[in-house]
Structure formats: structure tokens, C-alpha cells
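These notes concern the structure reproduced below.
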Amino acid sequence: MSPPTVPARAGARHGWVRAAAVVLAAAAVMALPAALGLWAAGAAGLPDGAYPRVVAATVVAAVGGSVEVSGDAGVFAGARAGPTVLPLSVTLAGALALGAGFLRPLRHRAVVPAGELAGWAARIAVLWSAALTGLGLAARHTFAVDVGSGDLRDLTGLFDAAPEAGFAADVPLTVLFGLLWLAGVLLLALLVARGAPLPGRLLRRQESVRPAARAMLELLLAYAGAGLVTGLVAAATRGPAAATFALILLGLPNVAWPALTLSTGATWDGRLDGPAGLPVPHVLDELLRCPGVCAVNLRSLAGHDGWMWWLPVPAVVLLLAVAFRMAVRSPARVRPRQHALHLAVALALTVLMICLTGRVSAQYGLSVLGIGDLGGSLSGGLFLRPRLWQAVGLGAVWGLAAGFLGGLLAGPVRRRGRVEHPPAP
């Protein structure tokens, strides 16, 4: 009898080759929607072979990496650009692929030693760092900006001020933030997967954490799925289809997940300047074009489109559904008030994540001799940010109510930990 053979076989199941396969698969899964979305947005026509480098920059941005955008328009002119946005469709695809690849070798096991789990995660982290380094080095390019015809072209030609735009990833920061993102993804994978093994010391904590964490994952995926269906219908009936597909492939959760916070009564502040339109519902594009800072909430949206008053209905239905499923997955000894507390904490943290990742900020422009953009055709800006603590507080209140009702609805359902007493003779 040789006890060491079991750990050796376990290590072989998730060694360096398997870690490389997980990392390569995740990178490919992220690159595919990024490439297709950018192609639908027209990035394939960028000059000087910039398209594959823009794809690399999009993947870097999706994991929280640092991509700096710069502009140069010669001695007599200046250019500015500063986007801050996470392409959450790419982020979500990579997170699901990494989580599935991380958990696959651990399936069919109830308990895993902490050292073995840490070693498996470390292998993925080392190779993920190498992949991020390569992507960061590829994510840099500079190309000329077409200013069109007219006075602006004449002035830029007269003063040799042909504008250029460029971007470059900060490789050390990209690796750092990418590793933090990876750690969060692997931790969440362990929390939401019902059959994932845990170290023995953590088994007692899973009953209060896992059902709520999985409920939040299902809620986010349900909103993303609803957004996907809405986007496909809009692409088929309204158009423009290319812009809609670009939004779906690059930033679908950027629209769908904030809709959850709006449905619970939260407010986002924003403004849109310039000629560029937003590939989002038309009502939001109209609302953001106001003289000052615009408040985006149920009331203001319904002022442009009365159908927006129906937004809370799917939120109520989905929250009750995931609350019921959370309660059914929990042991029968857990009381409705405990379900309420668990879901309140989980939903508050989920809303916090949505608010931190859903912020949008972008500024761009060109000035010649300091007189600003001529004609306003190459200048504009966009920002959208939540009222953070209001949104988190409302999420906690909704979680309390949904968790309590879900616990009550799950009461008649037979669950784990319930003992059926035989009838007395």
C-alpha cells in the first residue's frame, strides 16, 4: 500500500500542461468576442495594421489592465483622449472560462488540501502573468487620425499638425491588476460552484456563503441573457445591426447590469457631449444630452419613455426566483431571517461590483493654435457614474425583502437537513 500515489495522480491532473491549456483557452475565449465586436464596430479598417493590437488592448482592459491613450498633433496643435471603460462582455467570457478550467480537475472530490489548491492556482497565475505580459507588449500602436475635409484639414496641413492617436499598455500595472482579477475569479469560482471541493477548515462556512453567491451569479447571468435577447431583437427590427452587435460582444453587461440597479431605485449621473452617439437604448442617449449633469433613474427614463416604469417587474421576479433557489439549496435549519441577511449582504456586494465596474468616462478632442476643435466634429466626452452608497443601500434593502420571502416560499419544499418523522402507530 503506497499512500503517496493519490497526491501524485492528483498533481498530474492539474499540472503545468493543464494550467497552460486553461490559460490559452481563457485568452482565446476573451480574444474572440473582442475581435468580433471590434470588427462590427469598424476597427478592422484602422490604418497601419492596428486591428490586432486594438484587440490585444481590449483584452488587457477587460482584466483591469492599464491602457494609456495619447494624442499628438504637432507643434501648433494638441490632441487629447482619455477613455475609462471595461468591456464587460470580454471580462465575463474570460471569467467563466477561467473558472471552469480551474474547477474541472478538482471535480468529483469533496475535500482538497489547501496546499494542493494553492499550488494549482499558482501554476495558473504564473502562466497567466506570462500571457498578460505578451498581450501588454502587443497592445501598443500609433496611427494617423483622418480629420476629413475643410478648414480643419487646411490648418493641420498648413502648420504640419497632422493629428495622431496612439495607445500603449503599461505592462507592470497590467500584470498586477490582471493577477488581482485572476485571484478574484478563482475565489468566486470556489464560492459559486456547488460541487467544488474546499479545504476541510472551510467546509462549515459553505452553507451560508455558497447558496447566496450562486444566486448572485444566476441573477447576473439572467440579466445578461435578457439583455442579449433584447439586443438581438433590436438588431433585427431597429438597427443599426452592426453597432448593436458591437455592443453585445464588447459591453452587454455594461448596459444590462446597471439596469438592475436602476430597477431597484438607484441613480446614475452622466452627460454626453459631441457628435458621437451611444450604441445603447435611444432613451439613454437622449437623456444624457442635457446642459448639465443628468440624473439617470427610473423617473427620468420614464419621462422620455413611459415603458421604463416596467423595469422593476423583471427585477422583482428574478430576485424572488434566485432567493427561492438559494433557500432551497440551503439546509432546512436556516430560518427566513437568516436567508434575508445572507441575500442582503450578497446583493449589496453585487451592486457594489456593478457600480465599480460599470463606470464610463471618455474625453477626446483636437485643438489647433489653442482655439479648440473647429466645428465640433472631433471633440466630445461621456461620463456615467453611480451614486454608490445609495445603490448599495437599496440593494441591501431589496436583498432583505427578497431573501425573507424566498425563505418563506421554500418552507414547504423538502430540503437538506430535514428529517421526516414516521407517523405514530
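Chain identifiers are assigned as A, B, and so on, following the order in which chains appear in the C-alpha cells; residues are numbered from 1 within each chain, and ligands are numbered from 1 in order of appearance.
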Give me the residues of stretch 222-283 of chain A that have any atom at most 9 Å from an atom of stretch 331-351 of chain A; for each, the nearest atom pair and the distance in Å, rounded to one decimal. Use only C-alpha atoms, sort by chain and number, and format it as a Markdown table.
```
| residue | atom | partner | partner_atom | distance |
| --- | --- | --- | --- | --- |
| A:Trp257 | CA | A:Val351 | CA | 8.7 |
| A:Pro258 | CA | A:Val351 | CA | 8.5 |
| A:Leu260 | CA | A:Val351 | CA | 8.4 |
| A:Thr261 | CA | A:Val351 | CA | 6.8 |
```
Write the selection just made, keeping all heavy atoms, as a compact mmCIF listing (two decimals), in the first residue's frame?
```
# COMPACT_ATOMS: atom_id res chain seq x y z
N TRP A 257 -26.33 45.17 -16.53
CA TRP A 257 -26.17 45.14 -15.07
C TRP A 257 -26.54 46.45 -14.40
O TRP A 257 -27.19 46.44 -13.36
CB TRP A 257 -24.77 44.69 -14.71
CG TRP A 257 -24.51 43.25 -15.06
CD1 TRP A 257 -25.45 42.32 -15.43
CD2 TRP A 257 -23.26 42.58 -15.07
NE1 TRP A 257 -24.86 41.11 -15.68
CE2 TRP A 257 -23.51 41.22 -15.47
CE3 TRP A 257 -21.95 42.96 -14.80
CZ2 TRP A 257 -22.49 40.28 -15.58
CZ3 TRP A 257 -20.93 42.03 -14.91
CH2 TRP A 257 -21.20 40.70 -15.29
N PRO A 258 -26.17 47.62 -14.95
CA PRO A 258 -26.69 48.85 -14.35
C PRO A 258 -28.21 48.93 -14.38
O PRO A 258 -28.81 49.60 -13.53
CB PRO A 258 -26.05 49.95 -15.20
CG PRO A 258 -24.77 49.36 -15.66
CD PRO A 258 -25.10 47.91 -15.93
N LEU A 260 -30.15 46.65 -13.52
CA LEU A 260 -30.57 46.06 -12.25
C LEU A 260 -30.58 47.11 -11.15
O LEU A 260 -31.54 47.18 -10.36
CB LEU A 260 -29.64 44.91 -11.88
CG LEU A 260 -29.78 44.33 -10.47
CD1 LEU A 260 -31.17 43.74 -10.26
CD2 LEU A 260 -28.71 43.27 -10.22
N THR A 261 -29.55 47.94 -11.08
CA THR A 261 -29.51 48.97 -10.04
C THR A 261 -30.57 50.04 -10.28
O THR A 261 -31.17 50.54 -9.33
CB THR A 261 -28.13 49.63 -10.00
OG1 THR A 261 -27.88 50.34 -11.22
CG2 THR A 261 -27.03 48.58 -9.83
```
Open item on the list: Just to confirm, what's the straight-line distance from atom CA of A:Ala196 to atom CA of A:Leu221 in Å (one decimal)?
Closed with: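 About the pair atom CA of A:Ala196 and atom CA of A:Leu221: they are 19.6 Å apart.
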Open item on the list: Which residues are close to A:Ala57, i.e. within 12 Å by only C-alpha atoms, leaving aside same-chain residues fewer than 6 positions away? Reply as an MDAnalysis selection string.
Closed with: chainID A and resid 30:31 34:35 38 50:51 63:69 86:87 90 132:141 166:171 174
Please dump the current selection as a compact mmCIF listing (two decimals), in the first residue's frame; keep N, CA, C and O atoms.
```
# COMPACT_ATOMS: atom_id res chain seq x y z
N MET A 30 -11.54 35.13 -24.58
CA MET A 30 -11.63 36.59 -24.46
C MET A 30 -11.34 37.29 -25.78
O MET A 30 -11.96 38.30 -26.12
N ALA A 31 -10.39 36.77 -26.52
CA ALA A 31 -10.00 37.42 -27.78
C ALA A 31 -11.09 37.32 -28.83
O ALA A 31 -11.24 38.23 -29.66
N ALA A 34 -13.82 39.98 -28.38
CA ALA A 34 -13.17 41.27 -28.58
C ALA A 34 -12.93 41.53 -30.06
O ALA A 34 -13.20 42.62 -30.58
N ALA A 35 -12.43 40.51 -30.77
CA ALA A 35 -12.15 40.68 -32.20
C ALA A 35 -13.43 40.88 -32.99
O ALA A 35 -13.51 41.76 -33.86
N LEU A 38 -15.00 44.39 -32.13
CA LEU A 38 -14.26 45.49 -32.75
C LEU A 38 -14.44 45.49 -34.26
O LEU A 38 -14.51 46.55 -34.89
N ALA A 50 -3.46 48.21 -37.27
CA ALA A 50 -3.71 48.42 -35.85
C ALA A 50 -4.72 47.46 -35.26
O ALA A 50 -4.80 47.31 -34.04
N TYR A 51 -5.50 46.79 -36.11
CA TYR A 51 -6.62 45.99 -35.61
C TYR A 51 -6.21 44.92 -34.59
O TYR A 51 -6.79 44.85 -33.50
N VAL A 63 -9.38 42.84 -18.20
CA VAL A 63 -8.93 42.28 -16.92
C VAL A 63 -8.46 43.37 -15.97
O VAL A 63 -7.80 43.09 -14.97
N GLY A 64 -8.79 44.61 -16.29
CA GLY A 64 -8.39 45.72 -15.42
C GLY A 64 -7.02 46.28 -15.70
O GLY A 64 -6.52 47.09 -14.91
N GLY A 65 -6.40 45.87 -16.81
CA GLY A 65 -5.08 46.38 -17.15
C GLY A 65 -5.09 47.85 -17.51
O GLY A 65 -6.14 48.43 -17.79
N SER A 66 -3.93 48.44 -17.49
CA SER A 66 -3.79 49.87 -17.76
C SER A 66 -3.40 50.10 -19.21
O SER A 66 -2.33 49.66 -19.65
N VAL A 67 -4.30 50.76 -19.96
CA VAL A 67 -4.03 51.14 -21.36
C VAL A 67 -4.13 52.64 -21.45
O VAL A 67 -5.19 53.22 -21.23
N GLU A 68 -3.03 53.29 -21.75
CA GLU A 68 -2.99 54.74 -21.85
C GLU A 68 -3.16 55.17 -23.30
O GLU A 68 -2.48 54.67 -24.19
N VAL A 69 -4.08 56.09 -23.51
CA VAL A 69 -4.34 56.63 -24.84
C VAL A 69 -3.70 58.00 -24.93
O VAL A 69 -3.85 58.84 -24.04
N LEU A 86 -14.57 49.37 -18.95
CA LEU A 86 -14.26 47.95 -19.01
C LEU A 86 -15.18 47.27 -20.01
O LEU A 86 -16.41 47.39 -19.90
N PRO A 87 -14.64 46.58 -21.00
CA PRO A 87 -15.51 45.79 -21.91
C PRO A 87 -15.98 44.53 -21.19
O PRO A 87 -15.37 43.47 -21.28
N VAL A 90 -16.27 40.89 -22.63
CA VAL A 90 -15.00 40.18 -22.71
C VAL A 90 -14.58 39.70 -21.32
O VAL A 90 -14.09 38.58 -21.14
N LEU A 132 -0.35 37.81 -19.94
CA LEU A 132 -0.61 39.24 -19.83
C LEU A 132 0.58 40.07 -20.29
O LEU A 132 0.40 41.14 -20.88
N THR A 133 1.77 39.59 -20.02
CA THR A 133 2.96 40.31 -20.49
C THR A 133 2.99 40.37 -22.01
O THR A 133 3.25 41.42 -22.61
N GLY A 134 2.71 39.23 -22.65
CA GLY A 134 2.68 39.23 -24.11
C GLY A 134 1.59 40.12 -24.67
O GLY A 134 1.82 40.86 -25.64
N LEU A 135 0.41 40.08 -24.08
CA LEU A 135 -0.68 40.94 -24.54
C LEU A 135 -0.35 42.41 -24.31
O LEU A 135 -0.64 43.27 -25.16
N GLY A 136 0.28 42.72 -23.18
CA GLY A 136 0.64 44.11 -22.90
C GLY A 136 1.68 44.65 -23.88
O GLY A 136 1.60 45.81 -24.32
N LEU A 137 2.63 43.82 -24.25
CA LEU A 137 3.63 44.25 -25.23
C LEU A 137 3.02 44.42 -26.62
O LEU A 137 3.45 45.28 -27.40
N ALA A 138 2.00 43.62 -26.94
CA ALA A 138 1.35 43.74 -28.24
C ALA A 138 0.37 44.90 -28.30
O ALA A 138 0.05 45.40 -29.39
N ALA A 139 -0.11 45.34 -27.15
CA ALA A 139 -1.16 46.37 -27.11
C ALA A 139 -0.55 47.76 -27.14
O ALA A 139 -0.65 48.53 -26.18
N ARG A 140 0.07 48.12 -28.23
CA ARG A 140 0.62 49.46 -28.41
C ARG A 140 0.70 49.77 -29.90
O ARG A 140 1.12 48.95 -30.71
N HIS A 141 0.26 50.97 -30.26
CA HIS A 141 0.25 51.35 -31.66
C HIS A 141 -0.02 52.84 -31.77
O HIS A 141 -0.63 53.45 -30.88
N GLY A 166 -2.63 57.28 -30.37
CA GLY A 166 -1.92 56.07 -30.05
C GLY A 166 -2.35 55.52 -28.70
O GLY A 166 -3.03 56.19 -27.93
N PHE A 167 -1.99 54.30 -28.44
CA PHE A 167 -2.28 53.68 -27.16
C PHE A 167 -1.14 52.74 -26.82
O PHE A 167 -0.44 52.22 -27.70
N ALA A 168 -0.95 52.54 -25.56
CA ALA A 168 0.11 51.65 -25.09
C ALA A 168 -0.27 51.13 -23.71
O ALA A 168 -0.73 51.88 -22.85
N ALA A 169 -0.11 49.85 -23.52
CA ALA A 169 -0.41 49.23 -22.23
C ALA A 169 0.78 49.37 -21.30
O ALA A 169 1.93 49.23 -21.71
N ASP A 170 0.49 49.68 -20.05
CA ASP A 170 1.51 49.67 -19.01
C ASP A 170 1.67 48.23 -18.53
O ASP A 170 0.82 47.72 -17.79
N VAL A 171 2.73 47.57 -18.94
CA VAL A 171 2.87 46.13 -18.72
C VAL A 171 2.92 45.78 -17.23
O VAL A 171 2.20 44.87 -16.79
N THR A 174 -0.49 46.21 -15.80
CA THR A 174 -1.39 45.22 -16.40
C THR A 174 -1.24 43.87 -15.73
O THR A 174 -2.22 43.19 -15.41
```
Task: Which residue of A:Gly101, A:Gly411, A:Pro52, A:Pro253 approaches A:Leu220 most closely, using only C-alpha atoms - done: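 Closest to A:Leu220 of all the choices is A:Pro253.
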Open item on the list: Going by DSSP on the backbone, which residues of stretch 266-374 of chain A come out as alpha helix (DSSP H)? List them as a ChimeraX atom specification.
Closed with: /A:282-288,298-304,312-329,336-357
Include N, CA and C atoms and write out the residues we just selected as a short mmCIF file (atom, residue, chain, number, x, y, z; two decimals), in the first residue's frame.
```
data_model
loop_
_atom_site.label_atom_id
_atom_site.label_comp_id
_atom_site.auth_asym_id
_atom_site.auth_seq_id
_atom_site.Cartn_x
_atom_site.Cartn_y
_atom_site.Cartn_z
N HIS A 282 -32.05 54.20 -27.17
CA HIS A 282 -32.12 55.59 -27.62
C HIS A 282 -32.54 56.54 -26.50
N VAL A 283 -33.36 56.05 -25.57
CA VAL A 283 -33.82 56.90 -24.48
C VAL A 283 -32.65 57.36 -23.61
N LEU A 284 -31.65 56.49 -23.42
CA LEU A 284 -30.49 56.88 -22.61
C LEU A 284 -29.62 57.89 -23.33
N ASP A 285 -29.46 57.71 -24.64
CA ASP A 285 -28.69 58.68 -25.42
C ASP A 285 -29.34 60.05 -25.35
N GLU A 286 -30.66 60.11 -25.46
CA GLU A 286 -31.36 61.39 -25.37
C GLU A 286 -31.25 62.00 -23.98
N LEU A 287 -31.36 61.18 -22.96
CA LEU A 287 -31.36 61.68 -21.60
C LEU A 287 -30.01 62.28 -21.22
N LEU A 288 -28.93 61.70 -21.71
CA LEU A 288 -27.60 62.17 -21.33
C LEU A 288 -27.20 63.46 -22.04
N LEU A 298 -35.21 55.84 -12.67
CA LEU A 298 -36.50 55.41 -13.22
C LEU A 298 -37.37 56.60 -13.63
N ARG A 299 -37.39 57.63 -12.78
CA ARG A 299 -38.25 58.77 -13.07
C ARG A 299 -37.81 59.50 -14.35
N SER A 300 -36.52 59.76 -14.47
CA SER A 300 -36.04 60.50 -15.65
C SER A 300 -36.17 59.66 -16.91
N LEU A 301 -35.91 58.35 -16.83
CA LEU A 301 -36.06 57.50 -18.00
C LEU A 301 -37.52 57.42 -18.43
N ALA A 302 -38.43 57.29 -17.44
CA ALA A 302 -39.85 57.21 -17.77
C ALA A 302 -40.37 58.52 -18.34
N GLY A 303 -39.68 59.64 -18.03
CA GLY A 303 -40.08 60.91 -18.62
C GLY A 303 -39.87 60.92 -20.13
N HIS A 304 -38.94 60.11 -20.63
CA HIS A 304 -38.71 60.00 -22.06
C HIS A 304 -39.45 58.82 -22.68
N PRO A 312 -38.80 47.64 -12.88
CA PRO A 312 -38.74 46.87 -11.63
C PRO A 312 -39.41 45.51 -11.69
N VAL A 313 -40.30 45.26 -12.66
CA VAL A 313 -41.03 43.99 -12.70
C VAL A 313 -40.09 42.81 -12.89
N PRO A 314 -39.21 42.81 -13.92
CA PRO A 314 -38.28 41.67 -14.02
C PRO A 314 -37.32 41.59 -12.84
N ALA A 315 -36.98 42.72 -12.23
CA ALA A 315 -36.11 42.68 -11.06
C ALA A 315 -36.78 41.94 -9.92
N VAL A 316 -38.06 42.21 -9.67
CA VAL A 316 -38.78 41.53 -8.61
C VAL A 316 -38.87 40.03 -8.90
N VAL A 317 -39.22 39.68 -10.13
CA VAL A 317 -39.38 38.27 -10.48
C VAL A 317 -38.05 37.52 -10.33
N LEU A 318 -36.97 38.09 -10.87
CA LEU A 318 -35.68 37.41 -10.83
C LEU A 318 -35.12 37.34 -9.41
N LEU A 319 -35.30 38.39 -8.63
CA LEU A 319 -34.81 38.35 -7.25
C LEU A 319 -35.55 37.31 -6.43
N LEU A 320 -36.86 37.22 -6.60
CA LEU A 320 -37.60 36.19 -5.87
C LEU A 320 -37.19 34.79 -6.34
N ALA A 321 -36.94 34.65 -7.63
CA ALA A 321 -36.54 33.33 -8.15
C ALA A 321 -35.20 32.89 -7.57
N VAL A 322 -34.20 33.79 -7.60
CA VAL A 322 -32.89 33.38 -7.07
C VAL A 322 -32.93 33.26 -5.55
N ALA A 323 -33.76 34.04 -4.87
CA ALA A 323 -33.90 33.90 -3.42
C ALA A 323 -34.51 32.55 -3.07
N PHE A 324 -35.51 32.12 -3.82
CA PHE A 324 -36.13 30.81 -3.59
C PHE A 324 -35.11 29.70 -3.83
N ARG A 325 -34.36 29.79 -4.91
CA ARG A 325 -33.34 28.77 -5.20
C ARG A 325 -32.27 28.77 -4.13
N MET A 326 -31.88 29.93 -3.64
CA MET A 326 -30.90 30.00 -2.56
C MET A 326 -31.42 29.29 -1.31
N ALA A 327 -32.68 29.53 -0.97
CA ALA A 327 -33.24 28.91 0.22
C ALA A 327 -33.37 27.40 0.06
N VAL A 328 -33.74 26.94 -1.14
CA VAL A 328 -33.87 25.51 -1.37
C VAL A 328 -32.52 24.81 -1.27
N ARG A 329 -31.46 25.47 -1.72
CA ARG A 329 -30.13 24.87 -1.65
C ARG A 329 -29.56 24.88 -0.22
N PRO A 336 -35.90 31.98 7.66
CA PRO A 336 -36.10 33.04 6.67
C PRO A 336 -35.34 34.32 6.98
N ARG A 337 -35.24 34.68 8.25
CA ARG A 337 -34.49 35.91 8.58
C ARG A 337 -33.00 35.76 8.27
N GLN A 338 -32.49 34.52 8.38
CA GLN A 338 -31.09 34.29 8.00
C GLN A 338 -30.92 34.36 6.49
N HIS A 339 -31.88 33.81 5.75
CA HIS A 339 -31.84 33.96 4.29
C HIS A 339 -31.87 35.44 3.91
N ALA A 340 -32.67 36.23 4.61
CA ALA A 340 -32.75 37.66 4.31
C ALA A 340 -31.40 38.32 4.52
N LEU A 341 -30.72 37.99 5.61
CA LEU A 341 -29.42 38.59 5.88
C LEU A 341 -28.38 38.16 4.84
N HIS A 342 -28.39 36.87 4.50
CA HIS A 342 -27.42 36.37 3.52
C HIS A 342 -27.60 37.06 2.17
N LEU A 343 -28.87 37.15 1.71
CA LEU A 343 -29.10 37.76 0.40
C LEU A 343 -28.86 39.26 0.43
N ALA A 344 -29.12 39.91 1.55
CA ALA A 344 -28.86 41.34 1.65
C ALA A 344 -27.38 41.64 1.48
N VAL A 345 -26.55 40.87 2.16
CA VAL A 345 -25.09 41.07 2.04
C VAL A 345 -24.64 40.75 0.62
N ALA A 346 -25.13 39.64 0.06
CA ALA A 346 -24.71 39.24 -1.28
C ALA A 346 -25.13 40.25 -2.33
N LEU A 347 -26.36 40.75 -2.25
CA LEU A 347 -26.84 41.70 -3.25
C LEU A 347 -26.14 43.05 -3.09
N ALA A 348 -25.87 43.46 -1.87
CA ALA A 348 -25.13 44.72 -1.67
C ALA A 348 -23.74 44.63 -2.28
N LEU A 349 -23.05 43.51 -2.09
CA LEU A 349 -21.72 43.33 -2.69
C LEU A 349 -21.80 43.26 -4.21
N THR A 350 -22.86 42.63 -4.73
CA THR A 350 -23.02 42.55 -6.17
C THR A 350 -23.26 43.93 -6.78
N VAL A 351 -24.11 44.71 -6.14
CA VAL A 351 -24.35 46.08 -6.62
C VAL A 351 -23.09 46.92 -6.53
N LEU A 352 -22.30 46.72 -5.47
CA LEU A 352 -21.02 47.43 -5.37
C LEU A 352 -20.12 47.08 -6.54
N MET A 353 -20.06 45.80 -6.90
CA MET A 353 -19.24 45.39 -8.04
C MET A 353 -19.75 46.02 -9.33
N ILE A 354 -21.07 46.05 -9.51
CA ILE A 354 -21.64 46.66 -10.72
C ILE A 354 -21.28 48.14 -10.80
N CYS A 355 -21.38 48.83 -9.67
CA CYS A 355 -21.09 50.26 -9.67
C CYS A 355 -19.63 50.55 -9.95
N LEU A 356 -18.73 49.71 -9.44
CA LEU A 356 -17.30 49.96 -9.64
C LEU A 356 -16.85 49.59 -11.04
N THR A 357 -17.45 48.58 -11.64
CA THR A 357 -17.03 48.16 -12.98
C THR A 357 -17.83 48.80 -14.10
#
```
Task: Pick from A:Leu191, A:Val293, A:Asp273, A:Gly15 nearest to A:Val209, counting only C-alpha atoms - done: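 Ranked by minimum distance to A:Val209, first place goes to A:Leu191.
Note that atom CA of A:Ser330 and atom CA of A:Leu394 are 24.5 Å apart.
Take atom CA of A:Asn297 and atom CA of A:Arg387: the distance between them is 10.6 Å.
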